[in-house]
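Before any comments, here is the structure.
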Amino acid sequence: MISLDADSSPTPEELPPEIDGLRMTKQRREVFSVVLAERDHPTANDVFSRSQKRMPTISLATVYNCLEALVSHGLVRQVNFEREPSRYCPNLSDHCHFQDEKTGTIHDVVFKEGVNLADFLELPQGTEVSHLEISLKGRIGSN
Ligand SMILES: [Zn+2]
């Protein structure tokens with residue numbers, strides 16, 4: 001099991017050769033470990049430049065392919081804010097994203113304990129939500 005604890009993000013070598021049926025090539029392990037290492041919701045370009053430090057030969061196209069594979073296997077979430085480039089988030093627990101308009105920083109926001117979507121959304125009766133994607137924008141405090 002992959003630890004999602006931010007203090008112990010695995011190096012590419014520590015990642016198993018296969019996760020949830022996805023064969024972890026050298027490049028995928030590199031890209032996944034970059035996404036796990038710094039939970040700042042990087043863009044593909046950010047992941048690319050960080051990956052190049054350990055793997056100078058990796059291409060942007062490869063990074064995109066790796067991210068796509070990780071997203072389609074549910075190992076990483078793709079986060080979209082309007083027309084901005086997609087961001088990538090390894091936090092798989094139910095959460096929303098809040099973007100600070102001033103700094104562009106994206107924060108993970110969790111539901112308050114015991115709160116369900118149906119408590120504040122008029123969902124059609126019998127709805128079963130299978131995918132959650134809520135993005136908020138605004139300012140924090142007086143920054
Ligand atoms: Zn997130």
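Ordering of the structure tokens sets the chain letters (A, B, ...); residue numbers start at 1 within each chain; ligands are numbered from 1 in the order shown.
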
Could the residues that lie within 6 Å of ligand 1, counting only C-alpha atoms and all ligand atoms, be listed as a compact mmCIF listing (two decimals) with N, CA and C atoms, in the first residue's frame?
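Everything below was put into selection30.txt:
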# COMPACT_ATOMS: atom_id res chain seq x y z
N CYS A 89 -3.36 16.14 -8.24
CA CYS A 89 -3.49 16.01 -6.79
C CYS A 89 -3.48 14.53 -6.41
N ASN A 91 -4.13 13.39 -3.41
CA ASN A 91 -5.03 13.17 -2.27
C ASN A 91 -6.32 12.56 -2.80
N HIS A 97 -11.41 21.75 -3.73
CA HIS A 97 -10.24 22.59 -3.94
C HIS A 97 -10.61 24.06 -3.82
N ASP A 108 -6.35 21.96 -0.42
CA ASP A 108 -7.33 20.89 -0.24
C ASP A 108 -8.25 21.31 0.90

request  = Extract, using only C-alpha atoms, all DNA, RNA and protein residues at most 12 Å from Arg50 in chain A, discarding same-chain residues fewer than 2 positions from it, and format them as an NGL selection string.
outcome  = :A and (30-38 or 42-48 or 52-56 or 58-60 or 63)

Any chance you can output those residues with N, CA and C atoms as a short mmCIF file (atom, residue, chain, number, x, y, z; two decimals), in the first residue's frame?
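Dumped to selection.cif:
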data_model
loop_
_atom_site.label_atom_id
_atom_site.label_comp_id
_atom_site.auth_asym_id
_atom_site.auth_seq_id
_atom_site.Cartn_x
_atom_site.Cartn_y
_atom_site.Cartn_z
N GLU A 30 8.69 7.85 -11.61
CA GLU A 30 9.29 9.17 -11.42
C GLU A 30 8.18 10.23 -11.30
N VAL A 31 7.25 10.21 -12.25
CA VAL A 31 6.19 11.22 -12.28
C VAL A 31 5.30 11.10 -11.03
N PHE A 32 4.96 9.86 -10.65
CA PHE A 32 4.11 9.66 -9.48
C PHE A 32 4.81 10.15 -8.22
N SER A 33 6.10 9.86 -8.10
CA SER A 33 6.79 10.28 -6.89
C SER A 33 6.92 11.81 -6.82
N VAL A 34 7.01 12.44 -7.98
CA VAL A 34 7.05 13.92 -8.00
C VAL A 34 5.70 14.47 -7.51
N VAL A 35 4.60 13.89 -7.99
CA VAL A 35 3.27 14.36 -7.57
C VAL A 35 3.05 14.10 -6.07
N LEU A 36 3.58 12.98 -5.58
CA LEU A 36 3.41 12.66 -4.15
C LEU A 36 4.29 13.52 -3.25
N ALA A 37 5.43 13.96 -3.79
CA ALA A 37 6.43 14.62 -2.95
C ALA A 37 5.97 15.99 -2.47
N GLU A 38 5.44 16.79 -3.39
CA GLU A 38 5.05 18.15 -3.02
C GLU A 38 3.59 18.31 -3.36
N PRO A 42 0.66 20.58 -8.65
CA PRO A 42 1.46 21.06 -9.78
C PRO A 42 0.77 20.88 -11.12
N THR A 43 1.13 21.70 -12.09
CA THR A 43 0.69 21.50 -13.47
C THR A 43 1.62 20.46 -14.10
N ALA A 44 1.26 20.02 -15.32
CA ALA A 44 2.12 19.07 -16.02
C ALA A 44 3.51 19.67 -16.24
N ASN A 45 3.55 20.95 -16.52
CA ASN A 45 4.85 21.61 -16.70
C ASN A 45 5.69 21.60 -15.43
N ASP A 46 5.03 21.83 -14.28
CA ASP A 46 5.74 21.76 -13.00
C ASP A 46 6.31 20.35 -12.80
N VAL A 47 5.46 19.34 -13.06
CA VAL A 47 5.89 17.95 -12.88
C VAL A 47 7.06 17.66 -13.81
N PHE A 48 6.96 18.18 -15.03
CA PHE A 48 8.02 17.99 -16.02
C PHE A 48 9.35 18.55 -15.50
N GLN A 52 12.70 16.32 -14.36
CA GLN A 52 13.98 16.44 -15.08
C GLN A 52 15.19 16.44 -14.16
N LYS A 53 14.97 16.81 -12.89
CA LYS A 53 16.11 16.84 -11.97
C LYS A 53 16.72 15.46 -11.81
N ARG A 54 15.83 14.44 -11.69
CA ARG A 54 16.34 13.08 -11.53
C ARG A 54 16.43 12.36 -12.86
N MET A 55 15.59 12.79 -13.81
CA MET A 55 15.52 12.09 -15.09
C MET A 55 15.60 13.12 -16.22
N PRO A 56 16.81 13.58 -16.52
CA PRO A 56 16.97 14.68 -17.48
C PRO A 56 16.45 14.36 -18.88
N ILE A 58 13.64 12.80 -19.67
CA ILE A 58 12.19 12.65 -19.78
C ILE A 58 11.63 13.82 -20.61
N SER A 59 10.62 13.54 -21.44
CA SER A 59 10.03 14.60 -22.27
C SER A 59 8.69 15.04 -21.69
N LEU A 60 8.25 16.21 -22.10
CA LEU A 60 6.96 16.71 -21.63
C LEU A 60 5.83 15.78 -22.07
N VAL A 63 5.65 12.93 -19.76
CA VAL A 63 5.05 13.35 -18.49
C VAL A 63 3.53 13.38 -18.63
#

message = One decimal, in Å: what's the spacing between CA of Arg29 in chain A and CA of Pro12 in chain A?
response =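 Computed distance, CA of Arg29 in chain A to CA of Pro12 in chain A, equals 4.9 Å.
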
request  = Run DSSP on the backbone and grab whatever in range 62-134 of chain A lands in strand (DSSP E); send it over as an NGL selection string.
outcome  = :A and (77-79 or 87-89 or 96-100 or 106-109)

Can I get the selected residues back with C-alpha atoms, as a PDB file, in the first residue's frame?
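See part-v9.pdb below for the written result:
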ATOM      1  CA  ARG A  77      -6.786  13.320  -9.442  1.00  0.00           C
ATOM      2  CA  GLN A  78      -6.891  15.855 -12.214  1.00  0.00           C
ATOM      3  CA  VAL A  79      -8.020  19.262 -11.005  1.00  0.00           C
ATOM      4  CA  ARG A  87      -3.333  20.477 -11.878  1.00  0.00           C
ATOM      5  CA  TYR A  88      -2.606  17.137 -10.284  1.00  0.00           C
ATOM      6  CA  CYS A  89      -3.489  16.010  -6.789  1.00  0.00           C
ATOM      7  CA  CYS A  96     -12.747  20.131  -2.571  1.00  0.00           C
ATOM      8  CA  HIS A  97     -10.240  22.588  -3.935  1.00  0.00           C
ATOM      9  CA  PHE A  98      -9.980  26.193  -2.948  1.00  0.00           C
ATOM     10  CA  GLN A  99      -7.840  28.520  -5.011  1.00  0.00           C
ATOM     11  CA  ASP A 100      -6.485  31.656  -3.461  1.00  0.00           C
ATOM     12  CA  ILE A 106      -4.679  25.603  -4.391  1.00  0.00           C
ATOM     13  CA  HIS A 107      -5.650  24.194  -1.023  1.00  0.00           C
ATOM     14  CA  ASP A 108      -7.332  20.893  -0.239  1.00  0.00           C
ATOM     15  CA  VAL A 109     -10.531  21.520   1.700  1.00  0.00           C
TER      16      VAL A 109
END

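Here CA of Arg23 in chain A is placed at a distance of 13.2 Å from CA of Leu67 in chain A.
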
Please identify which residues in chain A DSSP calls helix (DSSP H, G or I) from the backbone, and express them as a PDB file with N, CA and C atoms, in the first residue's frame.
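Result file result37.pdb:
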ATOM      1  N   ALA A   6       2.344  12.821   3.893  1.00  0.00           N
ATOM      2  CA  ALA A   6       3.223  13.794   3.240  1.00  0.00           C
ATOM      3  C   ALA A   6       4.662  13.724   3.747  1.00  0.00           C
ATOM      4  N   ASP A   7       4.841  13.224   4.969  1.00  0.00           N
ATOM      5  CA  ASP A   7       6.189  13.194   5.528  1.00  0.00           C
ATOM      6  C   ASP A   7       7.043  12.071   4.954  1.00  0.00           C
ATOM      7  N   SER A   8       6.396  11.099   4.354  1.00  0.00           N
ATOM      8  CA  SER A   8       7.164   9.949   3.893  1.00  0.00           C
ATOM      9  C   SER A   8       6.837   9.635   2.439  1.00  0.00           C
ATOM     10  N   PRO A  12      11.082   7.152  -6.340  1.00  0.00           N
ATOM     11  CA  PRO A  12      10.656   6.289  -7.455  1.00  0.00           C
ATOM     12  C   PRO A  12      11.035   4.835  -7.223  1.00  0.00           C
ATOM     13  N   GLU A  13      12.189   4.607  -6.582  1.00  0.00           N
ATOM     14  CA  GLU A  13      12.661   3.240  -6.371  1.00  0.00           C
ATOM     15  C   GLU A  13      11.798   2.500  -5.352  1.00  0.00           C
ATOM     16  N   GLU A  14      11.172   3.242  -4.451  1.00  0.00           N
ATOM     17  CA  GLU A  14      10.355   2.609  -3.417  1.00  0.00           C
ATOM     18  C   GLU A  14       8.968   2.218  -3.918  1.00  0.00           C
ATOM     19  N   LYS A  26       9.568   3.060 -15.302  1.00  0.00           N
ATOM     20  CA  LYS A  26      10.508   3.968 -14.648  1.00  0.00           C
ATOM     21  C   LYS A  26       9.964   5.406 -14.687  1.00  0.00           C
ATOM     22  N   GLN A  27       9.427   5.778 -15.848  1.00  0.00           N
ATOM     23  CA  GLN A  27       8.916   7.144 -16.006  1.00  0.00           C
ATOM     24  C   GLN A  27       7.681   7.376 -15.141  1.00  0.00           C
ATOM     25  N   ARG A  28       6.783   6.415 -15.108  1.00  0.00           N
ATOM     26  CA  ARG A  28       5.566   6.579 -14.288  1.00  0.00           C
ATOM     27  C   ARG A  28       5.918   6.686 -12.817  1.00  0.00           C
ATOM     28  N   ARG A  29       6.910   5.890 -12.401  1.00  0.00           N
ATOM     29  CA  ARG A  29       7.324   5.969 -10.993  1.00  0.00           C
ATOM     30  C   ARG A  29       7.915   7.333 -10.677  1.00  0.00           C
ATOM     31  N   GLU A  30       8.692   7.848 -11.610  1.00  0.00           N
ATOM     32  CA  GLU A  30       9.290   9.170 -11.417  1.00  0.00           C
ATOM     33  C   GLU A  30       8.183  10.232 -11.297  1.00  0.00           C
ATOM     34  N   VAL A  31       7.254  10.214 -12.252  1.00  0.00           N
ATOM     35  CA  VAL A  31       6.187  11.223 -12.276  1.00  0.00           C
ATOM     36  C   VAL A  31       5.304  11.098 -11.028  1.00  0.00           C
ATOM     37  N   PHE A  32       4.964   9.861 -10.652  1.00  0.00           N
ATOM     38  CA  PHE A  32       4.107   9.661  -9.484  1.00  0.00           C
ATOM     39  C   PHE A  32       4.814  10.146  -8.219  1.00  0.00           C
ATOM     40  N   SER A  33       6.096   9.864  -8.104  1.00  0.00           N
ATOM     41  CA  SER A  33       6.794  10.282  -6.888  1.00  0.00           C
ATOM     42  C   SER A  33       6.920  11.807  -6.823  1.00  0.00           C
ATOM     43  N   VAL A  34       7.013  12.442  -7.976  1.00  0.00           N
ATOM     44  CA  VAL A  34       7.046  13.919  -7.998  1.00  0.00           C
ATOM     45  C   VAL A  34       5.704  14.472  -7.507  1.00  0.00           C
ATOM     46  N   VAL A  35       4.598  13.885  -7.987  1.00  0.00           N
ATOM     47  CA  VAL A  35       3.270  14.356  -7.567  1.00  0.00           C
ATOM     48  C   VAL A  35       3.055  14.102  -6.069  1.00  0.00           C
ATOM     49  N   LEU A  36       3.582  12.982  -5.576  1.00  0.00           N
ATOM     50  CA  LEU A  36       3.415  12.655  -4.153  1.00  0.00           C
ATOM     51  C   LEU A  36       4.294  13.516  -3.254  1.00  0.00           C
ATOM     52  N   ALA A  37       5.432  13.955  -3.788  1.00  0.00           N
ATOM     53  CA  ALA A  37       6.428  14.623  -2.952  1.00  0.00           C
ATOM     54  C   ALA A  37       5.971  15.995  -2.466  1.00  0.00           C
ATOM     55  N   ALA A  44       1.260  20.023 -15.316  1.00  0.00           N
ATOM     56  CA  ALA A  44       2.124  19.065 -16.023  1.00  0.00           C
ATOM     57  C   ALA A  44       3.509  19.667 -16.245  1.00  0.00           C
ATOM     58  N   ASN A  45       3.553  20.954 -16.515  1.00  0.00           N
ATOM     59  CA  ASN A  45       4.854  21.614 -16.698  1.00  0.00           C
ATOM     60  C   ASN A  45       5.695  21.599 -15.429  1.00  0.00           C
ATOM     61  N   ASP A  46       5.027  21.827 -14.284  1.00  0.00           N
ATOM     62  CA  ASP A  46       5.744  21.756 -13.004  1.00  0.00           C
ATOM     63  C   ASP A  46       6.313  20.348 -12.801  1.00  0.00           C
ATOM     64  N   VAL A  47       5.457  19.344 -13.057  1.00  0.00           N
ATOM     65  CA  VAL A  47       5.893  17.955 -12.878  1.00  0.00           C
ATOM     66  C   VAL A  47       7.063  17.665 -13.814  1.00  0.00           C
ATOM     67  N   PHE A  48       6.962  18.183 -15.033  1.00  0.00           N
ATOM     68  CA  PHE A  48       8.023  17.994 -16.020  1.00  0.00           C
ATOM     69  C   PHE A  48       9.350  18.551 -15.504  1.00  0.00           C
ATOM     70  N   SER A  49       9.348  19.798 -15.063  1.00  0.00           N
ATOM     71  CA  SER A  49      10.637  20.378 -14.650  1.00  0.00           C
ATOM     72  C   SER A  49      11.179  19.706 -13.390  1.00  0.00           C
ATOM     73  N   ARG A  50      10.281  19.259 -12.489  1.00  0.00           N
ATOM     74  CA  ARG A  50      10.760  18.556 -11.288  1.00  0.00           C
ATOM     75  C   ARG A  50      11.303  17.171 -11.638  1.00  0.00           C
ATOM     76  N   SER A  51      10.645  16.517 -12.600  1.00  0.00           N
ATOM     77  CA  SER A  51      11.084  15.172 -13.003  1.00  0.00           C
ATOM     78  C   SER A  51      12.458  15.225 -13.657  1.00  0.00           C
ATOM     79  N   GLN A  52      12.703  16.322 -14.359  1.00  0.00           N
ATOM     80  CA  GLN A  52      13.979  16.444 -15.081  1.00  0.00           C
ATOM     81  C   GLN A  52      15.188  16.443 -14.163  1.00  0.00           C
ATOM     82  N   LYS A  53      14.970  16.810 -12.892  1.00  0.00           N
ATOM     83  CA  LYS A  53      16.108  16.837 -11.967  1.00  0.00           C
ATOM     84  C   LYS A  53      16.715  15.458 -11.806  1.00  0.00           C
ATOM     85  N   ARG A  54      15.833  14.444 -11.690  1.00  0.00           N
ATOM     86  CA  ARG A  54      16.338  13.078 -11.530  1.00  0.00           C
ATOM     87  C   ARG A  54      16.433  12.360 -12.858  1.00  0.00           C
ATOM     88  N   LEU A  60       8.249  16.209 -22.098  1.00  0.00           N
ATOM     89  CA  LEU A  60       6.958  16.708 -21.627  1.00  0.00           C
ATOM     90  C   LEU A  60       5.830  15.778 -22.069  1.00  0.00           C
ATOM     91  N   ALA A  61       5.939  15.254 -23.304  1.00  0.00           N
ATOM     92  CA  ALA A  61       4.913  14.332 -23.806  1.00  0.00           C
ATOM     93  C   ALA A  61       4.834  13.085 -22.928  1.00  0.00           C
ATOM     94  N   THR A  62       5.986  12.586 -22.493  1.00  0.00           N
ATOM     95  CA  THR A  62       6.008  11.414 -21.611  1.00  0.00           C
ATOM     96  C   THR A  62       5.352  11.740 -20.274  1.00  0.00           C
ATOM     97  N   VAL A  63       5.655  12.933 -19.755  1.00  0.00           N
ATOM     98  CA  VAL A  63       5.052  13.345 -18.486  1.00  0.00           C
ATOM     99  C   VAL A  63       3.526  13.379 -18.625  1.00  0.00           C
ATOM    100  N   TYR A  64       3.032  13.958 -19.726  1.00  0.00           N
ATOM    101  CA  TYR A  64       1.591  13.984 -19.969  1.00  0.00           C
ATOM    102  C   TYR A  64       1.017  12.569 -20.028  1.00  0.00           C
ATOM    103  N   ASN A  65       1.695  11.677 -20.750  1.00  0.00           N
ATOM    104  CA  ASN A  65       1.222  10.291 -20.851  1.00  0.00           C
ATOM    105  C   ASN A  65       1.186   9.610 -19.494  1.00  0.00           C
ATOM    106  N   CYS A  66       2.222   9.835 -18.702  1.00  0.00           N
ATOM    107  CA  CYS A  66       2.292   9.221 -17.371  1.00  0.00           C
ATOM    108  C   CYS A  66       1.155   9.757 -16.494  1.00  0.00           C
ATOM    109  N   LEU A  67       0.956  11.064 -16.528  1.00  0.00           N
ATOM    110  CA  LEU A  67      -0.101  11.664 -15.702  1.00  0.00           C
ATOM    111  C   LEU A  67      -1.464  11.112 -16.111  1.00  0.00           C
ATOM    112  N   GLU A  68      -1.663  10.985 -17.432  1.00  0.00           N
ATOM    113  CA  GLU A  68      -2.930  10.464 -17.931  1.00  0.00           C
ATOM    114  C   GLU A  68      -3.170   9.044 -17.428  1.00  0.00           C
ATOM    115  N   ALA A  69      -2.124   8.226 -17.471  1.00  0.00           N
ATOM    116  CA  ALA A  69      -2.243   6.840 -16.993  1.00  0.00           C
ATOM    117  C   ALA A  69      -2.550   6.815 -15.499  1.00  0.00           C
ATOM    118  N   LEU A  70      -1.869   7.672 -14.734  1.00  0.00           N
ATOM    119  CA  LEU A  70      -2.090   7.703 -13.279  1.00  0.00           C
ATOM    120  C   LEU A  70      -3.507   8.182 -12.960  1.00  0.00           C
ATOM    121  N   VAL A  71      -3.994   9.167 -13.729  1.00  0.00           N
ATOM    122  CA  VAL A  71      -5.352   9.682 -13.516  1.00  0.00           C
ATOM    123  C   VAL A  71      -6.382   8.618 -13.892  1.00  0.00           C
ATOM    124  N   SER A  72      -6.184   7.968 -15.045  1.00  0.00           N
ATOM    125  CA  SER A  72      -7.201   7.005 -15.478  1.00  0.00           C
ATOM    126  C   SER A  72      -7.221   5.768 -14.585  1.00  0.00           C
ATOM    127  N   LEU A 117     -23.111  15.631   1.408  1.00  0.00           N
ATOM    128  CA  LEU A 117     -23.509  16.491   0.294  1.00  0.00           C
ATOM    129  C   LEU A 117     -24.994  16.801   0.344  1.00  0.00           C
ATOM    130  N   ALA A 118     -25.790  15.792   0.689  1.00  0.00           N
ATOM    131  CA  ALA A 118     -27.242  15.967   0.705  1.00  0.00           C
ATOM    132  C   ALA A 118     -27.693  16.963   1.780  1.00  0.00           C
ATOM    133  N   ASP A 119     -26.790  17.280   2.711  1.00  0.00           N
ATOM    134  CA  ASP A 119     -27.149  18.255   3.746  1.00  0.00           C
ATOM    135  C   ASP A 119     -27.209  19.672   3.188  1.00  0.00           C
ATOM    136  N   PHE A 120     -26.495  19.929   2.132  1.00  0.00           N
ATOM    137  CA  PHE A 120     -26.508  21.296   1.616  1.00  0.00           C
ATOM    138  C   PHE A 120     -26.773  21.395   0.118  1.00  0.00           C
TER     139      PHE A 120
END
